[in-house]
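Data block for upload_23.txt (compact mmCIF, C-alpha atoms and all ligand atoms):
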# COMPACT_ATOMS: atom_id res chain seq x y z
CA MET S 1 -24.01 -4.10 16.00
CA ALA S 2 -20.39 -4.73 16.97
CA ASP S 3 -18.38 -6.79 14.53
CA SER S 4 -15.15 -7.76 16.23
CA ARG S 5 -13.79 -9.72 13.25
CA PRO S 6 -10.48 -8.34 11.96
CA ILE S 7 -9.92 -6.22 8.88
CA GLY S 8 -7.81 -8.18 6.39
CA VAL S 9 -4.90 -6.23 4.90
CA PHE S 10 -2.43 -7.59 2.41
CA ASP S 11 0.70 -6.55 0.60
CA SER S 12 3.49 -8.26 -1.26
CA GLY S 13 5.75 -7.51 1.71
CA LEU S 14 6.04 -5.17 4.63
CA GLY S 15 5.12 -1.92 2.85
CA GLY S 16 1.44 -2.46 3.53
CA LEU S 17 2.16 -1.86 7.21
CA THR S 18 1.91 1.82 6.22
CA VAL S 19 -1.78 1.16 5.66
CA ALA S 20 -2.06 -0.97 8.83
CA LYS S 21 -0.58 1.92 10.79
CA ALA S 22 -3.07 4.40 9.32
CA LEU S 23 -5.89 2.00 10.22
CA GLN S 24 -4.60 1.66 13.79
CA THR S 25 -4.50 5.46 14.09
CA LEU S 26 -8.01 6.05 12.78
CA LEU S 27 -9.67 2.90 14.14
CA PRO S 28 -7.61 1.86 17.19
CA ASN S 29 -10.15 -0.69 18.38
CA GLU S 30 -10.33 -2.61 15.12
CA SER S 31 -8.20 -5.75 14.89
CA ILE S 32 -6.12 -6.35 11.80
CA VAL S 33 -4.98 -9.56 10.18
CA TYR S 34 -2.06 -8.65 7.93
CA PHE S 35 -0.58 -10.81 5.21
CA GLY S 36 2.85 -9.96 3.76
CA ASP S 37 3.94 -12.20 0.90
CA THR S 38 7.61 -11.89 1.82
CA ALA S 39 8.63 -15.05 -0.06
CA ARG S 40 7.33 -13.75 -3.37
CA VAL S 41 7.98 -10.00 -3.08
CA PRO S 42 8.41 -8.05 -5.35
CA TYR S 43 5.16 -8.22 -7.32
CA GLY S 44 6.04 -5.04 -9.19
CA ASN S 45 8.05 -6.76 -11.91
CA LYS S 46 5.78 -9.80 -12.31
CA SER S 47 3.11 -10.52 -14.91
CA ARG S 48 -0.53 -9.58 -14.52
CA GLU S 49 -1.48 -13.29 -14.43
CA LEU S 50 0.86 -14.08 -11.56
CA ILE S 51 -0.17 -11.00 -9.58
CA LYS S 52 -3.84 -12.00 -9.93
CA GLU S 53 -3.10 -15.59 -8.90
CA TYR S 54 -1.17 -14.55 -5.77
CA SER S 55 -3.79 -11.93 -4.83
CA LEU S 56 -6.68 -14.40 -5.05
CA GLU S 57 -4.77 -16.94 -2.93
CA ILE S 58 -4.15 -14.32 -0.26
CA ALA S 59 -7.78 -13.17 -0.31
CA ASP S 60 -8.85 -16.78 0.32
CA PHE S 61 -6.38 -16.97 3.22
CA LEU S 62 -7.78 -13.78 4.76
CA MET S 63 -11.36 -14.96 4.33
CA LYS S 64 -10.44 -18.24 6.07
CA HIS S 65 -9.00 -16.12 8.86
CA ASN S 66 -12.35 -14.52 9.42
CA ALA S 67 -11.67 -11.11 7.86
CA LYS S 68 -14.73 -8.88 7.59
CA MET S 69 -13.30 -6.91 4.68
CA ILE S 70 -10.15 -6.92 2.59
CA VAL S 71 -7.84 -3.97 2.05
CA VAL S 72 -5.50 -4.42 -0.88
CA ALA S 73 -2.64 -2.34 0.53
CA CYS S 74 -0.40 -3.30 -2.39
CA ASN S 75 -0.57 -0.74 -5.21
CA THR S 76 0.55 -3.32 -7.75
CA ALA S 77 -2.20 -5.77 -6.75
CA SER S 78 -4.73 -2.90 -6.61
CA ALA S 79 -3.70 -1.79 -10.10
CA LEU S 80 -3.80 -5.23 -11.68
CA ALA S 81 -6.13 -7.46 -9.68
CA LEU S 82 -8.77 -5.33 -7.92
CA ASP S 83 -11.64 -6.21 -10.29
CA GLU S 84 -10.95 -9.94 -9.99
CA LEU S 85 -10.67 -9.66 -6.21
CA GLN S 86 -13.97 -7.81 -5.98
CA GLN S 87 -15.66 -10.44 -8.14
CA HIS S 88 -14.07 -13.33 -6.24
CA CYS S 89 -14.64 -12.23 -2.65
CA ILE S 90 -17.88 -12.30 -0.74
CA LEU S 91 -16.60 -9.35 1.33
CA PRO S 92 -16.05 -5.68 0.56
CA VAL S 93 -12.62 -5.20 -1.07
CA ILE S 94 -10.93 -1.79 -1.04
CA GLY S 95 -7.83 -0.90 -3.05
CA VAL S 96 -5.42 1.99 -2.67
CA ILE S 97 -5.57 3.59 -6.14
CA ASN S 98 -8.89 5.47 -5.98
CA PRO S 99 -8.37 6.98 -2.49
CA GLY S 100 -4.83 8.09 -3.49
CA ALA S 101 -6.04 9.61 -6.77
CA ALA S 102 -8.84 11.50 -4.99
CA GLU S 103 -6.35 12.98 -2.48
CA ALA S 104 -4.04 14.09 -5.29
CA ILE S 105 -6.86 15.82 -7.16
CA LYS S 106 -7.73 17.72 -3.99
CA ALA S 107 -4.10 18.78 -3.50
CA THR S 108 -2.96 19.87 -6.98
CA LYS S 109 -3.08 23.54 -7.97
CA ASN S 110 -1.47 23.37 -11.41
CA ASP S 111 -3.33 20.15 -12.38
CA HIS S 112 -0.09 18.33 -13.07
CA ILE S 113 0.31 15.22 -10.94
CA GLY S 114 3.31 12.91 -10.80
CA ILE S 115 3.05 9.21 -10.03
CA ILE S 116 5.81 6.93 -8.86
CA GLY S 117 5.31 3.21 -8.49
CA THR S 118 6.49 -0.22 -9.53
CA VAL S 119 6.98 -1.12 -13.19
CA ALA S 120 3.69 -3.06 -13.17
CA THR S 121 1.69 -0.22 -11.56
CA VAL S 122 3.12 2.44 -13.86
CA SER S 123 2.59 0.32 -17.01
CA SER S 124 -1.01 -0.44 -15.99
CA LYS S 125 -1.83 3.31 -16.05
CA ALA S 126 -4.29 2.62 -13.23
CA TYR S 127 -3.55 5.96 -11.53
CA GLU S 128 -3.88 7.91 -14.79
CA LYS S 129 -7.29 6.31 -15.41
CA ALA S 130 -8.46 7.04 -11.86
CA LEU S 131 -7.21 10.65 -12.01
CA GLN S 132 -8.70 11.36 -15.41
CA GLY S 133 -11.97 9.75 -14.29
CA LEU S 134 -12.11 12.48 -11.64
CA ASN S 135 -10.88 15.36 -13.80
CA VAL S 136 -10.30 15.04 -17.56
CA ASP S 137 -8.01 18.08 -17.60
CA ILE S 138 -5.42 16.55 -15.27
CA LYS S 139 -1.93 16.13 -16.74
CA THR S 140 0.17 13.27 -15.44
CA SER S 141 3.83 12.27 -15.52
CA SER S 142 4.85 8.90 -14.18
CA GLN S 143 8.07 7.15 -13.30
CA ALA S 144 8.71 3.53 -12.34
CA CYS S 145 11.19 3.28 -9.44
CA PRO S 146 12.02 -0.43 -9.16
CA LEU S 147 15.01 -0.03 -6.87
CA LEU S 148 13.05 1.67 -4.10
CA VAL S 149 11.27 -1.51 -2.95
CA PRO S 150 14.44 -3.48 -2.17
CA LEU S 151 15.89 -0.42 -0.43
CA ALA S 152 12.82 -0.19 1.82
CA GLU S 153 12.68 -3.95 2.43
CA GLU S 154 16.35 -3.84 3.48
CA GLY S 155 15.73 -0.88 5.77
CA TRP S 156 17.93 1.52 3.74
CA LEU S 157 15.61 4.39 4.50
CA GLU S 158 18.24 7.16 4.31
CA GLY S 159 21.88 7.73 3.32
CA GLU S 160 23.91 8.55 0.26
CA VAL S 161 22.97 5.57 -1.92
CA THR S 162 19.24 5.93 -1.27
CA ASN S 163 19.42 9.70 -1.83
CA SER S 164 21.14 9.40 -5.15
CA ILE S 165 18.79 6.68 -6.45
CA VAL S 166 15.73 8.72 -5.43
CA LYS S 167 17.24 11.85 -7.03
CA HIS S 168 17.81 9.99 -10.29
CA TYR S 169 14.23 8.72 -10.44
CA LEU S 170 12.66 12.07 -9.56
CA LEU S 171 14.64 14.23 -11.99
CA PRO S 172 12.23 13.89 -14.97
CA LEU S 173 9.22 14.61 -12.74
CA ASN S 174 10.91 17.69 -11.29
CA ASN S 175 11.73 18.85 -14.84
CA ASN S 176 8.07 18.43 -15.81
CA GLU S 177 7.09 20.71 -12.91
CA ILE S 178 4.52 18.50 -11.26
CA ASP S 179 3.17 20.10 -8.08
CA THR S 180 1.82 16.90 -6.49
CA LEU S 181 3.43 13.48 -6.32
CA ILE S 182 1.53 10.26 -5.61
CA LEU S 183 3.63 7.74 -3.69
CA GLY S 184 2.04 4.94 -5.69
CA CYS S 185 3.67 2.04 -3.87
CA THR S 186 3.16 0.90 -0.32
CA HIS S 187 6.86 0.97 0.38
CA TYR S 188 7.50 4.59 -0.59
CA PRO S 189 6.08 6.22 2.56
CA LEU S 190 8.99 4.52 4.34
CA LEU S 191 11.27 6.67 2.16
CA LYS S 192 9.15 9.80 2.49
CA ASP S 193 11.88 11.96 4.07
CA VAL S 194 14.36 11.22 1.30
CA ILE S 195 11.70 11.75 -1.37
CA ALA S 196 10.63 15.05 0.25
CA ASN S 197 14.25 16.26 0.05
CA GLN S 198 14.55 15.46 -3.63
CA VAL S 199 11.33 16.95 -5.08
CA ASN S 200 10.97 20.58 -6.18
CA ASN S 201 10.06 22.92 -3.34
CA ASP S 202 6.39 22.88 -2.42
CA THR S 203 5.61 19.61 -4.19
CA ILE S 204 2.92 17.88 -2.15
CA LEU S 205 3.49 14.19 -1.44
CA ILE S 206 0.41 11.98 -1.45
CA ASP S 207 0.60 8.96 0.79
CA SER S 208 -2.74 7.26 0.29
CA ALA S 209 -2.64 5.31 3.58
CA ALA S 210 -4.71 7.81 5.58
CA ALA S 211 -7.21 8.17 2.72
CA VAL S 212 -7.52 4.38 2.51
CA ALA S 213 -8.18 4.20 6.26
CA ARG S 214 -10.97 6.74 5.87
CA ALA S 215 -12.48 4.71 3.00
CA VAL S 216 -12.35 1.60 5.22
CA LYS S 217 -14.15 3.41 8.02
CA GLU S 218 -16.85 4.63 5.64
CA SER S 219 -17.37 1.14 4.24
CA LEU S 220 -17.59 -0.40 7.74
CA LEU S 221 -20.11 2.24 8.76
CA GLU S 222 -22.18 1.63 5.65
CA THR S 223 -22.31 -2.12 6.22
CA ASN S 224 -22.81 -1.70 9.97
CA GLN S 225 -19.62 -3.62 10.69
CA LEU S 226 -17.64 -1.11 12.72
CA TYR S 227 -16.45 -2.61 16.01
CA ASP S 228 -17.96 -0.49 18.75
CA GLY S 229 -16.44 -2.28 21.75
CA ASP S 230 -13.86 -0.75 24.13
CA GLU S 231 -11.03 -3.22 23.66
CA LYS S 232 -7.96 -2.10 21.73
CA GLY S 233 -7.51 -3.98 18.46
CA THR S 234 -4.74 -6.50 17.84
CA LEU S 235 -2.38 -6.82 14.86
CA MET S 236 -1.77 -10.39 13.73
CA CYS S 237 0.77 -10.73 10.92
CA TYR S 238 1.36 -13.65 8.59
CA VAL S 239 4.32 -13.77 6.23
CA THR S 240 5.45 -16.37 3.71
CA ASP S 241 9.14 -16.34 4.60
CA ILE S 242 11.10 -16.04 7.84
CA PRO S 243 10.00 -12.85 9.54
CA MET S 244 13.44 -11.48 10.51
CA ARG S 245 13.63 -8.28 8.47
CA PHE S 246 9.87 -7.95 8.42
CA GLU S 247 9.90 -7.59 12.18
CA ASP S 248 12.93 -5.26 12.29
CA VAL S 249 11.81 -2.84 9.64
CA GLY S 250 8.11 -3.21 10.49
CA GLN S 251 8.75 -2.37 14.12
CA ARG S 252 10.76 0.69 13.14
CA PHE S 253 7.94 1.83 11.01
CA LEU S 254 4.98 1.02 13.26
CA GLY S 255 6.81 2.52 16.22
CA SER S 256 5.87 -0.44 18.41
CA PRO S 257 7.04 -4.04 18.72
CA MET S 258 5.24 -6.62 16.60
CA ASP S 259 4.03 -9.37 18.89
CA HIS S 260 2.38 -11.76 16.52
CA VAL S 261 4.29 -12.59 13.37
CA GLN S 262 3.87 -16.07 12.01
CA THR S 263 5.31 -17.74 8.94
CA VAL S 264 2.87 -19.54 6.67
CA HIS S 265 4.30 -22.22 4.38
CA ASP S 266 1.22 -23.18 2.36
CA ILE S 267 -1.45 -20.72 1.61
N1 LIG L 301 3.60 -3.67 -2.62
C1 LIG L 301 4.05 -3.22 -3.91
C2 LIG L 301 3.28 -2.00 -4.31
O1 LIG L 301 2.69 -1.32 -3.51
C3 LIG L 301 5.53 -2.90 -3.91
C4 LIG L 301 6.41 -4.07 -3.72
C5 LIG L 301 6.37 -5.06 -4.84
O2 LIG L 301 6.84 -4.77 -5.95
O3 LIG L 301 5.87 -6.11 -4.59
O4 LIG L 301 3.25 -1.70 -5.48

Encoded form (C-alpha cells):
Amino acid sequence: MADSRPIGVFDSGLGGLTVAKALQTLLPNESIVYFGDTARVPYGNKSRELIKEYSLEIADFLMKHNAKMIVVACNTASALALDELQQHCILPVIGVINPGAAEAIKATKNDHIGIIGTVATVSSKAYEKALQGLNVDIKTSSQACPLLVPLAEEGWLEGEVTNSIVKHYLLPLNNNEIDTLILGCTHYPLLKDVIANQVNNDTILIDSAAAVARAVKESLLETNQLYDGDEKGTLMCYVTDIPMRFEDVGQRFLGSPMDHVQTVHDI
C-alpha cells in the first residue's frame, strides 16, 4: 500500500534539517513536513516542563498537517519529551537518541564515548542511559556546548571565533581520550568540519541523522506505510518566526533552494 502522507519532522530551529536531508537521501520519494520553532529556539537552556509543552504543541500541528509519523529531530526534545510524545500521539514517534547511541556503540574501540549537546540534553543523561542500556561497560564523558547553537543558527560555520569556542569545549573530552564523539545536537553536524579539526586524531564523529533515517525507513516498512510511488517527495517547512536566516542557512546546508517556507503565528 502506498502512503503518500508526509513524514513530520521537528526541531527547535533549523538544525533538524540535518535529519530532513538524511531522509531525503535515503527516501527521496517521501514528502516531509518540517517544523522549526525559530521563535522559541533555543530549547537547550529551557526547563523540562516548557520543552514538553512546546513539543506536544508541535506534534499536534504535525498531526493536523497529515503526518504519518513524527521524527523528533531535536536532541533536547528527544531527551526530555520523547515518552510524553509517544504517549500523546496516535502515530509512531521516533527520537534521535537511541539511533545515535547505537551507532556510537558500533564505532567505539576503547569503549569510551564522548557526548556533546545542549545543557538540557547533557543534564538529562539520556545518552548515557541509552549507551549503558546497550553496553554496561561503556565509559562516557559529556560536555554541554551552549554557544554552538547560536553560531550554527547565525551561519558561523567556520572561522577563528568558531574554532576557538569548539576547541575550548572539546579540550576536556580530548584529555579523557574518548575515541568516539556523539554530536548530540541537531545543529552540530553543521559544524562538523570545525569539530573534526579539534578532536584527537582518529576520533570518530557520530552524526545520528543517517541512523535516524534508517530507523524511519524500518518503521515505515513495518507499518506498511512506505510510499512506493514514483514521484519525488516535497519538503514543506513551517517556522514560527520570519524565515530569513532559516532559508539562508538551510539552503546552504541542504544544498538546494527551499521553495516552501511558511511562517506560522499560532500553533
Ligand atoms: N535542537 C536542539 C538540539 O538538538 C538544539 C537547539 C536548541 O537548543 O534548541 O538539542

- Message: Rounded to one decimal, what separation in Å do you get between atom CA of Gly117 of chain S and atom CA of Ser256 of chain S?
- Response: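 Result for atom CA of Gly117 of chain S versus atom CA of Ser256 of chain S: 27.2 Å, one decimal.
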
- Give the residue list for ligand LIG 301 (chain L) at 8 Å, counting only C-alpha atoms and all ligand atoms, as a list in words, sorted by chain and then by residue number. Asp11, Ser12, Gly13, Leu14, Gly15, Gly16, Arg40, Val41, Pro42, Tyr43, Gly44, Asn45, Ala73, Cys74, Asn75, Thr76, Ala77, Gly117, Thr118, Ala120, Thr121, Pro146, Val149, Gly184, Cys185, Thr186 and His187 of chain S

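All protein and nucleic acid residues in the vicinity of (-9.7, -1.4, 2.8), that is within 7 Å when counting all atoms listed in the file, are Met69, Ile70, Val71, Val72, Val93, Ile94, Gly95, Val212, Ala213, Ala215 and Val216 of chain S.
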
- Query: Can you list, as a ChimeraX atom specification, every protein, DNA or RNA residue that comes within 7 Å of segment 47-58 of chain S when you count all atoms listed in the file, leaving out same-chain residues fewer than 5 positions away?
  - Reply: /S:77,80-81,85,267

- Selected residue of minimal separation from Val122 of chain S among S:Gln262, S:Gln143, S:Thr203, S:Asn176, counting only C-alpha atoms: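 So, comparing all the options, the nearest one is S:Gln143.
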
- Take atom CA of Leu23 of chain S and atom CA of Glu231 of chain S and report the distance between them in Å, one decimal.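 Result for atom CA of Leu23 of chain S versus atom CA of Glu231 of chain S: 15.3 Å, one decimal.
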
- May I ask which of the residues S:Leu131, S:Leu17, S:Val166, S:Val96 is the closest one to Ala211 of chain S, counting only C-alpha atoms?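 Answer, going by the shortest atom-to-atom distance: S:Val96.
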
- Message: With distances taken over all atoms listed in the file, which residue among S:Asn175, S:Ser78, S:Asn197, S:Thr234 lies nearest Leu27 of chain S?
- Response: S:Thr234

- Point-to-point distance from atom CA of Ser141 of chain S to atom CA of Ala210 of chain S, Å rounded to tenths: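 Calculated distance between atom CA of Ser141 of chain S and atom CA of Ala210 of chain S is 23.2 Å.
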
- Task: Extract, using only C-alpha atoms, all DNA, RNA and protein residues at most 9 Å from Asp259 of chain S, discarding same-chain residues fewer than 2 positions from it, and format them as a ChimeraX atom specification.
- Result: /S:235-237,257,261

Take the residues that were just selected and, keeping C-alpha atoms, output them as a compact mmCIF listing (two decimals), keeping the file's coordinate frame.
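Just written: again_27.txt:
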# COMPACT_ATOMS: atom_id res chain seq x y z
CA LEU S 235 -2.38 -6.82 14.86
CA MET S 236 -1.77 -10.39 13.73
CA CYS S 237 0.77 -10.73 10.92
CA PRO S 257 7.04 -4.04 18.72
CA VAL S 261 4.29 -12.59 13.37

May I have the protein, DNA and RNA residues with any atom at most 10 Å from the point (14.5, -4.4, 3.2), counting all atoms listed in the file, written as an mmCIF file with C-alpha atoms, in the coordinates of the input?
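Listed below is the output, result-v9.cif:
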data_model
loop_
_atom_site.group_PDB
_atom_site.id
_atom_site.type_symbol
_atom_site.label_atom_id
_atom_site.label_comp_id
_atom_site.auth_asym_id
_atom_site.auth_seq_id
_atom_site.Cartn_x
_atom_site.Cartn_y
_atom_site.Cartn_z
ATOM 1 C CA GLY S 13 5.750 -7.510 1.710
ATOM 2 C CA LEU S 14 6.040 -5.170 4.630
ATOM 3 C CA GLY S 15 5.120 -1.920 2.850
ATOM 4 C CA LEU S 148 13.050 1.670 -4.100
ATOM 5 C CA VAL S 149 11.270 -1.510 -2.950
ATOM 6 C CA PRO S 150 14.440 -3.480 -2.170
ATOM 7 C CA LEU S 151 15.890 -0.420 -0.430
ATOM 8 C CA ALA S 152 12.820 -0.190 1.820
ATOM 9 C CA GLU S 153 12.680 -3.950 2.430
ATOM 10 C CA GLU S 154 16.350 -3.840 3.480
ATOM 11 C CA GLY S 155 15.730 -0.880 5.770
ATOM 12 C CA TRP S 156 17.930 1.520 3.740
ATOM 13 C CA LEU S 157 15.610 4.390 4.500
ATOM 14 C CA HIS S 187 6.860 0.970 0.380
ATOM 15 C CA ARG S 245 13.630 -8.280 8.470
ATOM 16 C CA PHE S 246 9.870 -7.950 8.420
ATOM 17 C CA ASP S 248 12.930 -5.260 12.290
ATOM 18 C CA VAL S 249 11.810 -2.840 9.640
ATOM 19 C CA GLY S 250 8.110 -3.210 10.490
#

- From S:Ile105, S:Leu173, S:Leu147, S:Leu26, residue lying nearest Glu218 of chain S [all atoms listed in the file]: S:Leu26

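Distances from S:Asn163, S:Asn29, S:Ser4, S:Asn110 to Gln198 of chain S were compared using only C-alpha atoms, and the smallest one belongs to S:Asn163.
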
I'd like the neighbourhood of Val136 of chain S as a CSV table (one decimal) with C-alpha atoms, in the frame of the given file, where a residue qualifies if any of its atoms comes within 12 Å (using only C-alpha atoms), though same-chain residues fewer than 4 positions away should be ignored.
chain,number,residue,atom,x,y,z
S,105,ILE,CA,-6.9,15.8,-7.2
S,111,ASP,CA,-3.3,20.2,-12.4
S,112,HIS,CA,-0.1,18.3,-13.1
S,128,GLU,CA,-3.9,7.9,-14.8
S,129,LYS,CA,-7.3,6.3,-15.4
S,130,ALA,CA,-8.5,7.0,-11.9
S,131,LEU,CA,-7.2,10.6,-12.0
S,132,GLN,CA,-8.7,11.4,-15.4
S,140,THR,CA,0.2,13.3,-15.4

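Residue nearest Lys68 of chain S within the list S:Ile206, S:Cys89, S:Val239, S:Ile7: S:Ile7 [criterion: smallest interatomic distance, all atoms listed in the file].
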
Can you sort out segment 148-159 of chain S so it carries N, CA and C atoms, written as a PDB file, keeping the file's coordinate frame?
ATOM      1  N   LEU S 148      13.445   1.148  -5.418  1.00  0.00           N
ATOM      2  CA  LEU S 148      13.050   1.670  -4.100  1.00  0.00           C
ATOM      3  C   LEU S 148      12.460   0.571  -3.195  1.00  0.00           C
ATOM      4  N   VAL S 149      11.843  -0.447  -3.786  1.00  0.00           N
ATOM      5  CA  VAL S 149      11.270  -1.510  -2.950  1.00  0.00           C
ATOM      6  C   VAL S 149      12.361  -2.295  -2.214  1.00  0.00           C
ATOM      7  N   PRO S 150      13.399  -2.788  -2.932  1.00  0.00           N
ATOM      8  CA  PRO S 150      14.440  -3.480  -2.170  1.00  0.00           C
ATOM      9  C   PRO S 150      15.127  -2.590  -1.141  1.00  0.00           C
ATOM     10  N   LEU S 151      15.284  -1.313  -1.436  1.00  0.00           N
ATOM     11  CA  LEU S 151      15.890  -0.420  -0.430  1.00  0.00           C
ATOM     12  C   LEU S 151      15.029  -0.378   0.833  1.00  0.00           C
ATOM     13  N   ALA S 152      13.718  -0.258   0.646  1.00  0.00           N
ATOM     14  CA  ALA S 152      12.820  -0.190   1.820  1.00  0.00           C
ATOM     15  C   ALA S 152      12.798  -1.532   2.551  1.00  0.00           C
ATOM     16  N   GLU S 153      12.728  -2.626   1.783  1.00  0.00           N
ATOM     17  CA  GLU S 153      12.680  -3.950   2.430  1.00  0.00           C
ATOM     18  C   GLU S 153      13.948  -4.198   3.248  1.00  0.00           C
ATOM     19  N   GLU S 154      15.078  -3.657   2.765  1.00  0.00           N
ATOM     20  CA  GLU S 154      16.350  -3.840   3.480  1.00  0.00           C
ATOM     21  C   GLU S 154      16.526  -2.834   4.608  1.00  0.00           C
ATOM     22  N   GLY S 155      15.615  -1.885   4.717  1.00  0.00           N
ATOM     23  CA  GLY S 155      15.730  -0.880   5.770  1.00  0.00           C
ATOM     24  C   GLY S 155      16.707   0.240   5.438  1.00  0.00           C
ATOM     25  N   TRP S 156      17.065   0.393   4.162  1.00  0.00           N
ATOM     26  CA  TRP S 156      17.930   1.520   3.740  1.00  0.00           C
ATOM     27  C   TRP S 156      17.052   2.742   3.523  1.00  0.00           C
ATOM     28  N   LEU S 157      16.612   3.328   4.602  1.00  0.00           N
ATOM     29  CA  LEU S 157      15.610   4.390   4.500  1.00  0.00           C
ATOM     30  C   LEU S 157      16.227   5.775   4.400  1.00  0.00           C
ATOM     31  N   GLU S 158      17.542   5.862   4.447  1.00  0.00           N
ATOM     32  CA  GLU S 158      18.240   7.160   4.310  1.00  0.00           C
ATOM     33  C   GLU S 158      19.664   6.865   3.846  1.00  0.00           C
ATOM     34  N   GLY S 159      20.467   7.924   3.689  1.00  0.00           N
ATOM     35  CA  GLY S 159      21.880   7.730   3.320  1.00  0.00           C
ATOM     36  C   GLY S 159      22.139   8.047   1.859  1.00  0.00           C
TER      37      GLY S 159
END
